[in-house]
file query_16.cif (mmCIF, N, CA and C atoms)
data_start
#
loop_
_atom_site.label_atom_id
_atom_site.label_comp_id
_atom_site.auth_asym_id
_atom_site.auth_seq_id
_atom_site.Cartn_x
_atom_site.Cartn_y
_atom_site.Cartn_z
N MET P 167 90.18 106.00 -48.67
CA MET P 167 90.07 106.57 -49.99
C MET P 167 88.60 106.93 -50.25
N ILE P 168 88.36 108.14 -50.72
CA ILE P 168 87.02 108.61 -51.00
C ILE P 168 86.75 108.44 -52.49
N SER P 169 85.62 107.83 -52.80
CA SER P 169 85.30 107.60 -54.20
C SER P 169 84.77 108.87 -54.86
N LEU P 170 84.87 108.91 -56.16
CA LEU P 170 84.34 110.04 -56.93
C LEU P 170 82.84 110.15 -56.70
N GLN P 171 82.16 109.02 -56.61
CA GLN P 171 80.71 109.02 -56.37
C GLN P 171 80.39 109.72 -55.06
N THR P 172 81.15 109.44 -53.99
CA THR P 172 80.92 110.06 -52.69
C THR P 172 81.11 111.57 -52.77
N ILE P 173 82.16 112.00 -53.46
CA ILE P 173 82.42 113.43 -53.62
C ILE P 173 81.27 114.08 -54.38
N LEU P 174 80.83 113.44 -55.45
CA LEU P 174 79.74 114.00 -56.25
C LEU P 174 78.43 114.05 -55.47
N GLU P 175 78.16 113.00 -54.69
CA GLU P 175 76.94 112.98 -53.89
C GLU P 175 76.95 114.11 -52.87
N LYS P 176 78.10 114.38 -52.26
CA LYS P 176 78.20 115.48 -51.30
C LYS P 176 78.01 116.82 -51.99
N ALA P 177 78.57 116.97 -53.18
CA ALA P 177 78.42 118.23 -53.93
C ALA P 177 76.96 118.43 -54.32
N ILE P 178 76.31 117.38 -54.75
CA ILE P 178 74.89 117.48 -55.14
C ILE P 178 74.04 117.78 -53.92
N ALA P 179 74.33 117.15 -52.79
CA ALA P 179 73.57 117.42 -51.57
C ALA P 179 73.73 118.87 -51.15
N SER P 180 74.95 119.40 -51.26
CA SER P 180 75.20 120.81 -50.94
C SER P 180 74.42 121.71 -51.89
N PHE P 181 74.47 121.39 -53.16
CA PHE P 181 73.75 122.16 -54.19
C PHE P 181 72.25 122.09 -53.92
N SER P 182 71.76 120.90 -53.56
CA SER P 182 70.34 120.70 -53.30
C SER P 182 69.85 121.51 -52.10
N ASP P 183 70.74 121.74 -51.13
CA ASP P 183 70.36 122.52 -49.96
C ASP P 183 70.18 124.00 -50.28
N THR P 184 70.89 124.50 -51.28
CA THR P 184 70.80 125.92 -51.60
C THR P 184 69.88 126.23 -52.77
N ILE P 185 69.70 125.28 -53.66
CA ILE P 185 68.82 125.48 -54.82
C ILE P 185 67.63 124.54 -54.68
N LYS P 186 66.45 125.09 -54.74
CA LYS P 186 65.22 124.29 -54.62
C LYS P 186 64.44 124.39 -55.91
N ILE P 187 63.85 123.29 -56.32
CA ILE P 187 62.95 123.30 -57.46
C ILE P 187 61.54 123.48 -56.91
N ASN P 188 60.93 124.57 -57.28
CA ASN P 188 59.60 124.93 -56.83
C ASN P 188 58.60 124.22 -57.73
N VAL P 189 57.86 123.28 -57.18
CA VAL P 189 56.89 122.53 -57.96
C VAL P 189 55.53 123.16 -57.75
N LYS P 190 55.01 123.73 -58.81
CA LYS P 190 53.67 124.28 -58.76
C LYS P 190 53.03 124.07 -60.12
N ILE P 191 51.76 123.91 -60.11
CA ILE P 191 51.07 123.71 -61.38
C ILE P 191 50.74 125.08 -61.95
N ASP P 192 51.71 125.62 -62.63
CA ASP P 192 51.56 126.86 -63.39
C ASP P 192 51.83 126.43 -64.81
N LYS P 193 50.77 126.15 -65.54
CA LYS P 193 50.93 125.46 -66.80
C LYS P 193 50.30 126.23 -67.95
N THR P 194 50.64 125.80 -69.13
CA THR P 194 50.04 126.39 -70.33
C THR P 194 48.59 125.92 -70.45
N ILE P 195 47.81 126.62 -71.24
CA ILE P 195 46.43 126.18 -71.52
C ILE P 195 46.47 124.80 -72.16
N HIS P 196 47.44 124.58 -73.03
CA HIS P 196 47.60 123.29 -73.70
C HIS P 196 47.75 122.17 -72.67
N ALA P 197 48.59 122.39 -71.65
CA ALA P 197 48.80 121.34 -70.64
C ALA P 197 47.51 121.07 -69.88
N GLY P 198 46.76 122.11 -69.56
CA GLY P 198 45.49 121.93 -68.86
C GLY P 198 44.50 121.12 -69.67
N GLU P 199 44.46 121.39 -70.96
CA GLU P 199 43.56 120.63 -71.84
C GLU P 199 43.98 119.17 -71.94
N ARG P 200 45.27 118.90 -71.89
CA ARG P 200 45.76 117.54 -72.08
C ARG P 200 45.61 116.67 -70.84
N GLN P 201 45.27 117.26 -69.70
CA GLN P 201 45.09 116.47 -68.50
C GLN P 201 43.97 115.44 -68.66
N SER P 202 42.99 115.72 -69.49
CA SER P 202 41.88 114.79 -69.63
C SER P 202 41.82 114.16 -71.03
N ARG P 203 42.82 114.38 -71.85
CA ARG P 203 42.87 113.79 -73.19
C ARG P 203 43.99 112.77 -73.28
N HIS P 204 44.00 112.01 -74.32
CA HIS P 204 45.05 111.02 -74.61
C HIS P 204 45.10 109.87 -73.62
N SER P 205 44.09 109.70 -72.81
CA SER P 205 44.09 108.57 -71.89
C SER P 205 42.66 108.23 -71.51
N ASP P 206 42.51 107.12 -70.85
CA ASP P 206 41.18 106.71 -70.42
C ASP P 206 40.82 107.29 -69.06
N ARG P 207 41.70 108.11 -68.52
CA ARG P 207 41.45 108.71 -67.22
C ARG P 207 42.03 110.12 -67.19
N GLU P 208 41.47 110.93 -66.30
CA GLU P 208 42.01 112.28 -66.15
C GLU P 208 43.27 112.22 -65.29
N ILE P 209 44.25 113.03 -65.64
CA ILE P 209 45.50 113.10 -64.88
C ILE P 209 45.31 114.16 -63.81
N SER P 210 45.45 113.77 -62.55
CA SER P 210 45.24 114.72 -61.46
C SER P 210 46.46 115.62 -61.29
N GLU P 211 46.20 116.80 -60.73
CA GLU P 211 47.31 117.72 -60.47
C GLU P 211 48.24 117.13 -59.42
N ASP P 212 47.69 116.39 -58.46
CA ASP P 212 48.53 115.74 -57.46
C ASP P 212 49.50 114.75 -58.11
N GLU P 213 49.02 114.01 -59.12
CA GLU P 213 49.88 113.06 -59.82
C GLU P 213 51.00 113.78 -60.57
N ILE P 214 50.68 114.91 -61.16
CA ILE P 214 51.70 115.70 -61.88
C ILE P 214 52.75 116.21 -60.90
N VAL P 215 52.29 116.80 -59.79
CA VAL P 215 53.22 117.34 -58.79
C VAL P 215 54.09 116.23 -58.21
N GLU P 216 53.49 115.09 -57.88
CA GLU P 216 54.25 113.97 -57.31
C GLU P 216 55.32 113.48 -58.30
N THR P 217 54.97 113.40 -59.57
CA THR P 217 55.92 112.96 -60.59
C THR P 217 57.09 113.93 -60.69
N ILE P 218 56.80 115.22 -60.69
CA ILE P 218 57.87 116.22 -60.76
C ILE P 218 58.74 116.15 -59.51
N GLN P 219 58.12 116.03 -58.34
CA GLN P 219 58.89 115.96 -57.09
C GLN P 219 59.82 114.75 -57.08
N GLN P 220 59.36 113.63 -57.62
CA GLN P 220 60.20 112.43 -57.66
C GLN P 220 61.41 112.64 -58.58
N ALA P 221 61.30 113.55 -59.53
CA ALA P 221 62.39 113.79 -60.49
C ALA P 221 63.32 114.92 -60.08
N THR P 222 62.99 115.66 -59.02
CA THR P 222 63.79 116.85 -58.70
C THR P 222 65.26 116.55 -58.42
N GLU P 223 65.54 115.47 -57.71
CA GLU P 223 66.95 115.14 -57.43
C GLU P 223 67.71 114.86 -58.72
N LYS P 224 67.08 114.15 -59.64
CA LYS P 224 67.73 113.85 -60.92
C LYS P 224 67.92 115.13 -61.74
N ILE P 225 66.94 116.03 -61.68
CA ILE P 225 67.08 117.31 -62.39
C ILE P 225 68.26 118.09 -61.83
N LEU P 226 68.38 118.14 -60.50
CA LEU P 226 69.50 118.85 -59.88
C LEU P 226 70.84 118.22 -60.26
N LYS P 227 70.90 116.90 -60.32
CA LYS P 227 72.13 116.23 -60.74
C LYS P 227 72.50 116.63 -62.17
N LEU P 228 71.51 116.66 -63.05
CA LEU P 228 71.77 117.07 -64.43
C LEU P 228 72.27 118.51 -64.50
N MET P 229 71.74 119.35 -63.62
CA MET P 229 72.20 120.74 -63.59
C MET P 229 73.65 120.83 -63.11
N VAL P 230 73.98 120.06 -62.09
CA VAL P 230 75.35 120.06 -61.57
C VAL P 230 76.33 119.64 -62.66
N PHE P 231 75.95 118.67 -63.48
CA PHE P 231 76.84 118.17 -64.53
C PHE P 231 76.65 118.91 -65.85
N ASP P 232 75.95 120.04 -65.81
CA ASP P 232 75.78 120.90 -66.97
C ASP P 232 75.09 120.21 -68.14
N LYS P 233 74.19 119.28 -67.82
CA LYS P 233 73.42 118.58 -68.85
C LYS P 233 72.07 119.26 -69.09
N VAL P 234 71.63 120.07 -68.12
CA VAL P 234 70.36 120.78 -68.17
C VAL P 234 70.58 122.15 -67.55
N ASP P 235 69.89 123.17 -68.08
CA ASP P 235 70.06 124.52 -67.57
C ASP P 235 68.72 125.25 -67.60
N ILE P 236 68.68 126.41 -67.00
CA ILE P 236 67.48 127.24 -67.02
C ILE P 236 67.09 127.48 -68.48
N GLY P 237 65.81 127.34 -68.76
CA GLY P 237 65.31 127.52 -70.12
C GLY P 237 65.20 126.22 -70.91
N ASP P 238 65.83 125.17 -70.41
CA ASP P 238 65.77 123.88 -71.10
C ASP P 238 64.44 123.18 -70.81
N PHE P 239 64.06 122.34 -71.77
CA PHE P 239 62.88 121.51 -71.59
C PHE P 239 63.29 120.16 -71.01
N VAL P 240 62.47 119.66 -70.10
CA VAL P 240 62.71 118.39 -69.44
C VAL P 240 61.47 117.52 -69.61
N HIS P 241 61.70 116.26 -69.99
CA HIS P 241 60.63 115.26 -70.12
C HIS P 241 60.79 114.29 -68.96
N ILE P 242 59.77 114.21 -68.12
CA ILE P 242 59.77 113.26 -67.01
C ILE P 242 58.80 112.14 -67.37
N HIS P 243 59.32 110.92 -67.41
CA HIS P 243 58.49 109.76 -67.72
C HIS P 243 58.38 108.88 -66.49
N ASN P 244 57.15 108.73 -65.98
CA ASN P 244 56.89 107.85 -64.85
C ASN P 244 56.67 106.45 -65.42
N THR P 245 57.62 105.56 -65.17
CA THR P 245 57.57 104.22 -65.77
C THR P 245 56.45 103.35 -65.20
N LYS P 246 55.95 103.68 -64.01
CA LYS P 246 54.87 102.88 -63.43
C LYS P 246 53.51 103.24 -64.01
N THR P 247 53.30 104.52 -64.30
CA THR P 247 51.98 104.98 -64.76
C THR P 247 51.98 105.42 -66.22
N ASN P 248 53.15 105.48 -66.84
CA ASN P 248 53.33 105.99 -68.20
C ASN P 248 52.93 107.45 -68.34
N LEU P 249 52.91 108.17 -67.22
CA LEU P 249 52.65 109.61 -67.27
C LEU P 249 53.90 110.31 -67.79
N ASN P 250 53.70 111.19 -68.75
CA ASN P 250 54.78 112.00 -69.30
C ASN P 250 54.49 113.46 -68.97
N VAL P 251 55.43 114.12 -68.35
CA VAL P 251 55.31 115.54 -68.04
C VAL P 251 56.44 116.26 -68.76
N ILE P 252 56.09 117.22 -69.60
CA ILE P 252 57.08 118.03 -70.29
C ILE P 252 57.02 119.41 -69.66
N GLY P 253 58.18 119.92 -69.27
CA GLY P 253 58.21 121.24 -68.65
C GLY P 253 59.49 121.96 -68.95
N ALA P 254 59.50 123.24 -68.61
CA ALA P 254 60.68 124.08 -68.80
C ALA P 254 61.13 124.58 -67.44
N LEU P 255 62.43 124.68 -67.27
CA LEU P 255 63.00 125.21 -66.03
C LEU P 255 63.12 126.72 -66.14
N GLU P 256 62.60 127.42 -65.14
CA GLU P 256 62.65 128.88 -65.12
C GLU P 256 63.24 129.34 -63.79
N ASN P 257 64.08 130.36 -63.84
CA ASN P 257 64.68 130.92 -62.64
C ASN P 257 63.87 132.12 -62.20
N LYS P 258 63.13 131.99 -61.11
CA LYS P 258 62.30 133.08 -60.63
C LYS P 258 63.04 133.94 -59.60
N THR P 259 63.83 133.30 -58.74
CA THR P 259 64.63 134.01 -57.75
C THR P 259 65.98 133.34 -57.69
N ASN P 260 66.86 133.88 -56.89
CA ASN P 260 68.23 133.35 -56.81
C ASN P 260 68.31 131.90 -56.38
N ASN P 261 67.46 131.47 -55.47
CA ASN P 261 67.58 130.11 -54.93
C ASN P 261 66.43 129.19 -55.32
N TYR P 262 65.55 129.63 -56.19
CA TYR P 262 64.42 128.80 -56.57
C TYR P 262 64.35 128.66 -58.08
N ILE P 263 64.02 127.47 -58.50
CA ILE P 263 63.81 127.17 -59.91
C ILE P 263 62.38 126.68 -60.05
N ASP P 264 61.63 127.27 -60.98
CA ASP P 264 60.27 126.82 -61.24
C ASP P 264 60.28 125.81 -62.37
N PHE P 265 59.45 124.81 -62.23
CA PHE P 265 59.22 123.84 -63.30
C PHE P 265 57.87 124.18 -63.91
N PHE P 266 57.87 124.78 -65.08
CA PHE P 266 56.66 125.22 -65.76
C PHE P 266 56.17 124.10 -66.67
N VAL P 267 55.00 123.56 -66.36
CA VAL P 267 54.46 122.42 -67.11
C VAL P 267 53.94 122.90 -68.46
N VAL P 268 54.45 122.29 -69.53
CA VAL P 268 54.04 122.63 -70.89
C VAL P 268 52.94 121.69 -71.37
N THR P 269 53.12 120.39 -71.13
CA THR P 269 52.09 119.42 -71.51
C THR P 269 52.23 118.15 -70.68
N VAL P 270 51.15 117.40 -70.61
CA VAL P 270 51.12 116.11 -69.90
C VAL P 270 50.34 115.12 -70.75
N MET P 271 50.70 113.86 -70.62
CA MET P 271 49.95 112.81 -71.32
C MET P 271 50.32 111.46 -70.74
N VAL P 272 49.43 110.51 -70.92
CA VAL P 272 49.73 109.13 -70.56
C VAL P 272 49.96 108.39 -71.87
N LYS P 273 51.20 107.97 -72.05
CA LYS P 273 51.57 107.28 -73.28
C LYS P 273 52.86 106.52 -73.01
N PRO P 274 52.87 105.21 -73.21
CA PRO P 274 54.06 104.42 -72.85
C PRO P 274 55.29 104.70 -73.70
N ASN P 275 55.13 105.06 -74.96
CA ASN P 275 56.29 105.21 -75.84
C ASN P 275 56.42 106.63 -76.39
N PHE P 276 56.12 107.62 -75.55
CA PHE P 276 56.19 109.02 -75.97
C PHE P 276 57.63 109.40 -76.30
N LYS P 277 57.81 110.09 -77.40
CA LYS P 277 59.13 110.58 -77.84
C LYS P 277 59.11 112.10 -77.82
N PRO P 278 59.92 112.73 -76.96
CA PRO P 278 59.95 114.20 -76.91
C PRO P 278 60.72 114.78 -78.10
N LYS P 279 60.59 116.09 -78.26
CA LYS P 279 61.32 116.78 -79.32
C LYS P 279 62.82 116.65 -79.09
N PRO P 280 63.61 116.64 -80.15
CA PRO P 280 65.07 116.60 -79.99
C PRO P 280 65.54 117.76 -79.11
N GLY P 281 66.51 117.46 -78.26
CA GLY P 281 67.06 118.46 -77.35
C GLY P 281 66.40 118.47 -75.98
N THR P 282 65.30 117.75 -75.85
CA THR P 282 64.62 117.65 -74.55
C THR P 282 65.27 116.52 -73.76
N LYS P 283 65.65 116.81 -72.54
CA LYS P 283 66.29 115.81 -71.68
C LYS P 283 65.22 114.95 -71.01
N THR P 284 65.33 113.63 -71.15
CA THR P 284 64.36 112.71 -70.56
C THR P 284 64.88 112.16 -69.23
N ILE P 285 64.01 112.17 -68.24
CA ILE P 285 64.30 111.59 -66.93
C ILE P 285 63.25 110.52 -66.68
N ARG P 286 63.69 109.34 -66.32
CA ARG P 286 62.76 108.25 -66.02
C ARG P 286 62.74 108.04 -64.50
N ILE P 287 61.52 107.95 -63.99
CA ILE P 287 61.40 107.69 -62.55
C ILE P 287 60.58 106.43 -62.35
#
call {"tool": "encode", "arguments": {"input": "query_16.cif", "output": "C-alpha coordinates"}}
result
Amino acid sequence: MISLQTILEKAIASFSDTIKINVKIDKTIHAGERQSRHSDREISEDEIVETIQQATEKILKLMVFDKVDIGDFVHIHNTKTNLNVIGALENKTNNYIDFFVVTVMVKPNFKPKPGTKTIRI
(Lines of atoms letter the chains of each structure in order from A and count residues from 1; the text may use other names and numbers.)
(Lines give C-alpha, C1' and ligand atoms only; values in the text may rest on other atoms or scores of the structure.)
Protein backbone atom coordinates (compact mmCIF):
# COMPACT_ATOMS: atom_id res chain seq x y z
CA MET A 1 0.00 0.00 0.00
CA ILE A 2 1.38 3.41 -0.99
CA SER A 3 0.79 6.25 1.43
CA LEU A 4 -0.56 9.62 0.39
CA GLN A 5 2.68 11.16 1.67
CA THR A 6 4.73 8.97 -0.72
CA ILE A 7 2.53 9.95 -3.66
CA LEU A 8 2.81 13.63 -2.76
CA GLU A 9 6.57 13.43 -2.30
CA LYS A 10 6.92 11.87 -5.77
CA ALA A 11 4.70 14.56 -7.29
CA ILE A 12 6.71 17.31 -5.60
CA ALA A 13 9.99 15.74 -6.71
CA SER A 14 8.69 15.60 -10.29
CA PHE A 15 7.53 19.22 -10.05
CA SER A 16 10.88 20.22 -8.53
CA ASP A 17 12.74 18.68 -11.47
CA THR A 18 10.89 20.82 -14.01
CA ILE A 19 10.40 24.06 -12.07
CA LYS A 20 13.42 25.74 -10.50
CA ILE A 21 13.47 28.70 -8.16
CA ASN A 22 16.18 31.03 -9.36
CA VAL A 23 17.85 32.57 -6.33
CA LYS A 24 19.53 35.83 -7.11
CA ILE A 25 19.91 39.00 -5.18
CA ASP A 26 17.82 41.26 -7.36
CA LYS A 27 16.31 43.40 -4.68
CA THR A 28 14.61 46.68 -4.05
CA ILE A 29 16.61 49.69 -2.84
CA HIS A 30 14.74 49.28 0.45
CA ALA A 31 16.05 45.72 0.87
CA GLY A 32 19.61 46.85 0.17
CA GLU A 33 19.35 49.56 2.79
CA ARG A 34 17.96 47.12 5.35
CA GLN A 35 20.90 44.73 5.06
CA SER A 36 22.85 46.88 7.53
CA ARG A 37 19.96 48.25 9.64
CA HIS A 38 17.79 46.73 12.37
CA SER A 39 20.59 44.57 13.71
CA ASP A 40 23.99 44.71 15.29
CA ARG A 41 25.55 43.17 12.20
CA GLU A 42 25.32 43.49 8.45
CA ILE A 43 23.36 40.75 6.69
CA SER A 44 25.52 39.26 3.94
CA GLU A 45 24.17 38.45 0.50
CA ASP A 46 25.44 34.89 0.97
CA GLU A 47 23.28 34.57 4.11
CA ILE A 48 20.23 35.82 2.21
CA VAL A 49 20.82 33.44 -0.71
CA GLU A 50 21.44 30.49 1.64
CA THR A 51 18.23 31.22 3.55
CA ILE A 52 16.19 31.37 0.34
CA GLN A 53 17.79 28.17 -0.98
CA GLN A 54 16.92 26.35 2.24
CA ALA A 55 13.28 27.38 1.75
CA THR A 56 12.93 26.49 -1.94
CA GLU A 57 11.58 22.97 -1.36
CA LYS A 58 8.95 24.30 1.03
CA ILE A 59 8.02 27.05 -1.46
CA LEU A 60 7.58 24.43 -4.20
CA LYS A 61 5.40 22.32 -1.89
CA LEU A 62 3.20 25.34 -1.19
CA MET A 63 2.90 25.94 -4.92
CA VAL A 64 1.89 22.32 -5.57
CA PHE A 65 -0.85 22.63 -2.94
CA ASP A 66 -1.99 25.99 -4.33
CA LYS A 67 -1.08 27.84 -1.13
CA VAL A 68 1.36 30.18 -2.92
CA ASP A 69 1.46 31.43 -6.51
CA ILE A 70 3.38 33.75 -8.80
CA GLY A 71 3.01 37.31 -7.52
CA ASP A 72 2.55 36.26 -3.90
CA PHE A 73 4.76 37.49 -1.11
CA VAL A 74 6.68 34.95 0.94
CA HIS A 75 8.26 35.50 4.36
CA ILE A 76 11.18 33.19 5.13
CA HIS A 77 12.18 33.12 8.80
CA ASN A 78 15.48 31.47 9.68
CA THR A 79 14.88 30.24 13.24
CA LYS A 80 18.61 29.87 13.98
CA THR A 81 19.66 33.40 13.03
CA ASN A 82 16.30 35.24 13.21
CA LEU A 83 16.91 36.46 9.67
CA ASN A 84 13.67 37.39 7.93
CA VAL A 85 13.58 37.59 4.14
CA ILE A 86 10.46 38.95 2.46
CA GLY A 87 10.21 38.38 -1.26
CA ALA A 88 7.84 38.01 -4.18
CA LEU A 89 7.70 35.13 -6.63
CA GLU A 90 8.03 36.17 -10.26
CA ASN A 91 7.79 34.02 -13.39
CA LYS A 92 10.58 35.03 -15.76
CA THR A 93 10.52 31.99 -18.07
CA ASN A 94 8.49 28.83 -18.39
CA ASN A 95 10.63 26.72 -16.05
CA TYR A 96 12.15 29.31 -13.74
CA ILE A 97 10.71 31.30 -10.88
CA ASP A 98 12.60 34.29 -9.51
CA PHE A 99 12.49 35.17 -5.83
CA PHE A 100 12.67 38.98 -5.76
CA VAL A 101 13.86 40.18 -2.35
CA VAL A 102 11.74 43.06 -1.02
CA THR A 103 13.27 43.47 2.44
CA VAL A 104 15.48 41.72 4.99
CA MET A 105 15.92 42.12 8.72
CA VAL A 106 17.10 40.32 11.82
CA LYS A 107 14.22 40.26 14.26
CA PRO A 108 13.00 37.28 16.31
CA ASN A 109 9.29 38.17 16.39
CA PHE A 110 8.75 39.80 12.98
CA LYS A 111 5.13 39.79 11.82
CA PRO A 112 4.60 40.06 8.04
CA LYS A 113 1.66 41.81 6.40
CA PRO A 114 -1.58 39.81 6.23
CA GLY A 115 -1.66 37.51 3.22
CA THR A 116 2.08 36.86 3.27
CA LYS A 117 2.90 33.17 3.59
CA THR A 118 5.51 32.43 6.28
CA ILE A 119 8.02 29.62 5.92
CA ARG A 120 10.24 28.68 8.85
CA ILE A 121 13.55 27.01 8.25
call {"tool": "closest_residue", "arguments": {"input": "query_16.cif", "among": "P:Glu256, P:Val240, P:Val267, P:Asn250", "to": "Gly281 in chain P", "atoms": "all atoms listed in the file"}}
result
P:Val240
call {"tool": "atom_distance", "arguments": {"input": "query_16.cif", "atom1": "CA of Val268 in chain P", "atom2": "CA of Leu255 in chain P"}}
result
10.5 Å
call {"tool": "atom_distance", "arguments": {"input": "query_16.cif", "atom1": "CA of Phe276 in chain P", "atom2": "CA of Thr217 in chain P"}}
result
15.9 Å
call {"tool": "atom_distance", "arguments": {"input": "query_16.cif", "atom1": "CA of Gly237 in chain P", "atom2": "CA of Asp264 in chain P"}}
result
10.2 Å
call {"tool": "closest_residue", "arguments": {"input": "query_16.cif", "among": "P:Ile236, P:Ile263, P:Ala254, P:Ile287", "to": "Gln220 in chain P", "atoms": "only C-alpha atoms"}}
result
P:Ile287
call {"tool": "residues_near_point", "arguments": {"input": "query_16.cif", "point": "(66.7, 120.3, -72.3)", "cutoff": "7 Å", "atoms": "all atoms listed in the file", "output": "ChimeraX atom specification"}}
result
/P:233-235,237-241,281-284
call {"tool": "resolve_selection", "arguments": {"input": "query_16.cif", "expression": "the PyMOL selection byres ((chain P and resi 248) around 6)", "output": "tab-separated table (two decimals) with N, CA and C atoms, in the coordinates of the input"}}
result
chain	number	residue	atom	x	y	z
P	243	HIS	N	59.32	110.92	-67.41
P	243	HIS	CA	58.49	109.76	-67.72
P	243	HIS	C	58.38	108.88	-66.49
P	244	ASN	N	57.15	108.73	-65.98
P	244	ASN	CA	56.89	107.85	-64.85
P	244	ASN	C	56.67	106.45	-65.42
P	245	THR	N	57.62	105.56	-65.17
P	245	THR	CA	57.57	104.22	-65.77
P	245	THR	C	56.45	103.35	-65.20
P	246	LYS	N	55.95	103.68	-64.01
P	246	LYS	CA	54.87	102.88	-63.43
P	246	LYS	C	53.51	103.24	-64.01
P	247	THR	N	53.30	104.52	-64.30
P	247	THR	CA	51.98	104.98	-64.76
P	247	THR	C	51.98	105.42	-66.22
P	249	LEU	N	52.91	108.17	-67.22
P	249	LEU	CA	52.65	109.61	-67.27
P	249	LEU	C	53.90	110.31	-67.79
P	250	ASN	N	53.70	111.19	-68.75
P	250	ASN	CA	54.78	112.00	-69.30
P	250	ASN	C	54.49	113.46	-68.97
P	271	MET	N	50.70	113.86	-70.62
P	271	MET	CA	49.95	112.81	-71.32
P	271	MET	C	50.32	111.46	-70.74
P	272	VAL	N	49.43	110.51	-70.92
P	272	VAL	CA	49.73	109.13	-70.56
P	272	VAL	C	49.96	108.39	-71.87
P	273	LYS	N	51.20	107.97	-72.05
P	273	LYS	CA	51.57	107.28	-73.28
P	273	LYS	C	52.86	106.52	-73.01
P	274	PRO	N	52.87	105.21	-73.21
P	274	PRO	CA	54.06	104.42	-72.85
P	274	PRO	C	55.29	104.70	-73.70
call {"tool": "closest_residue", "arguments": {"input": "query_16.cif", "among": "P:Leu226, P:Pro278, P:Arg286, P:Val251", "to": "Ile214 in chain P", "atoms": "all atoms listed in the file"}}
result
P:Val251
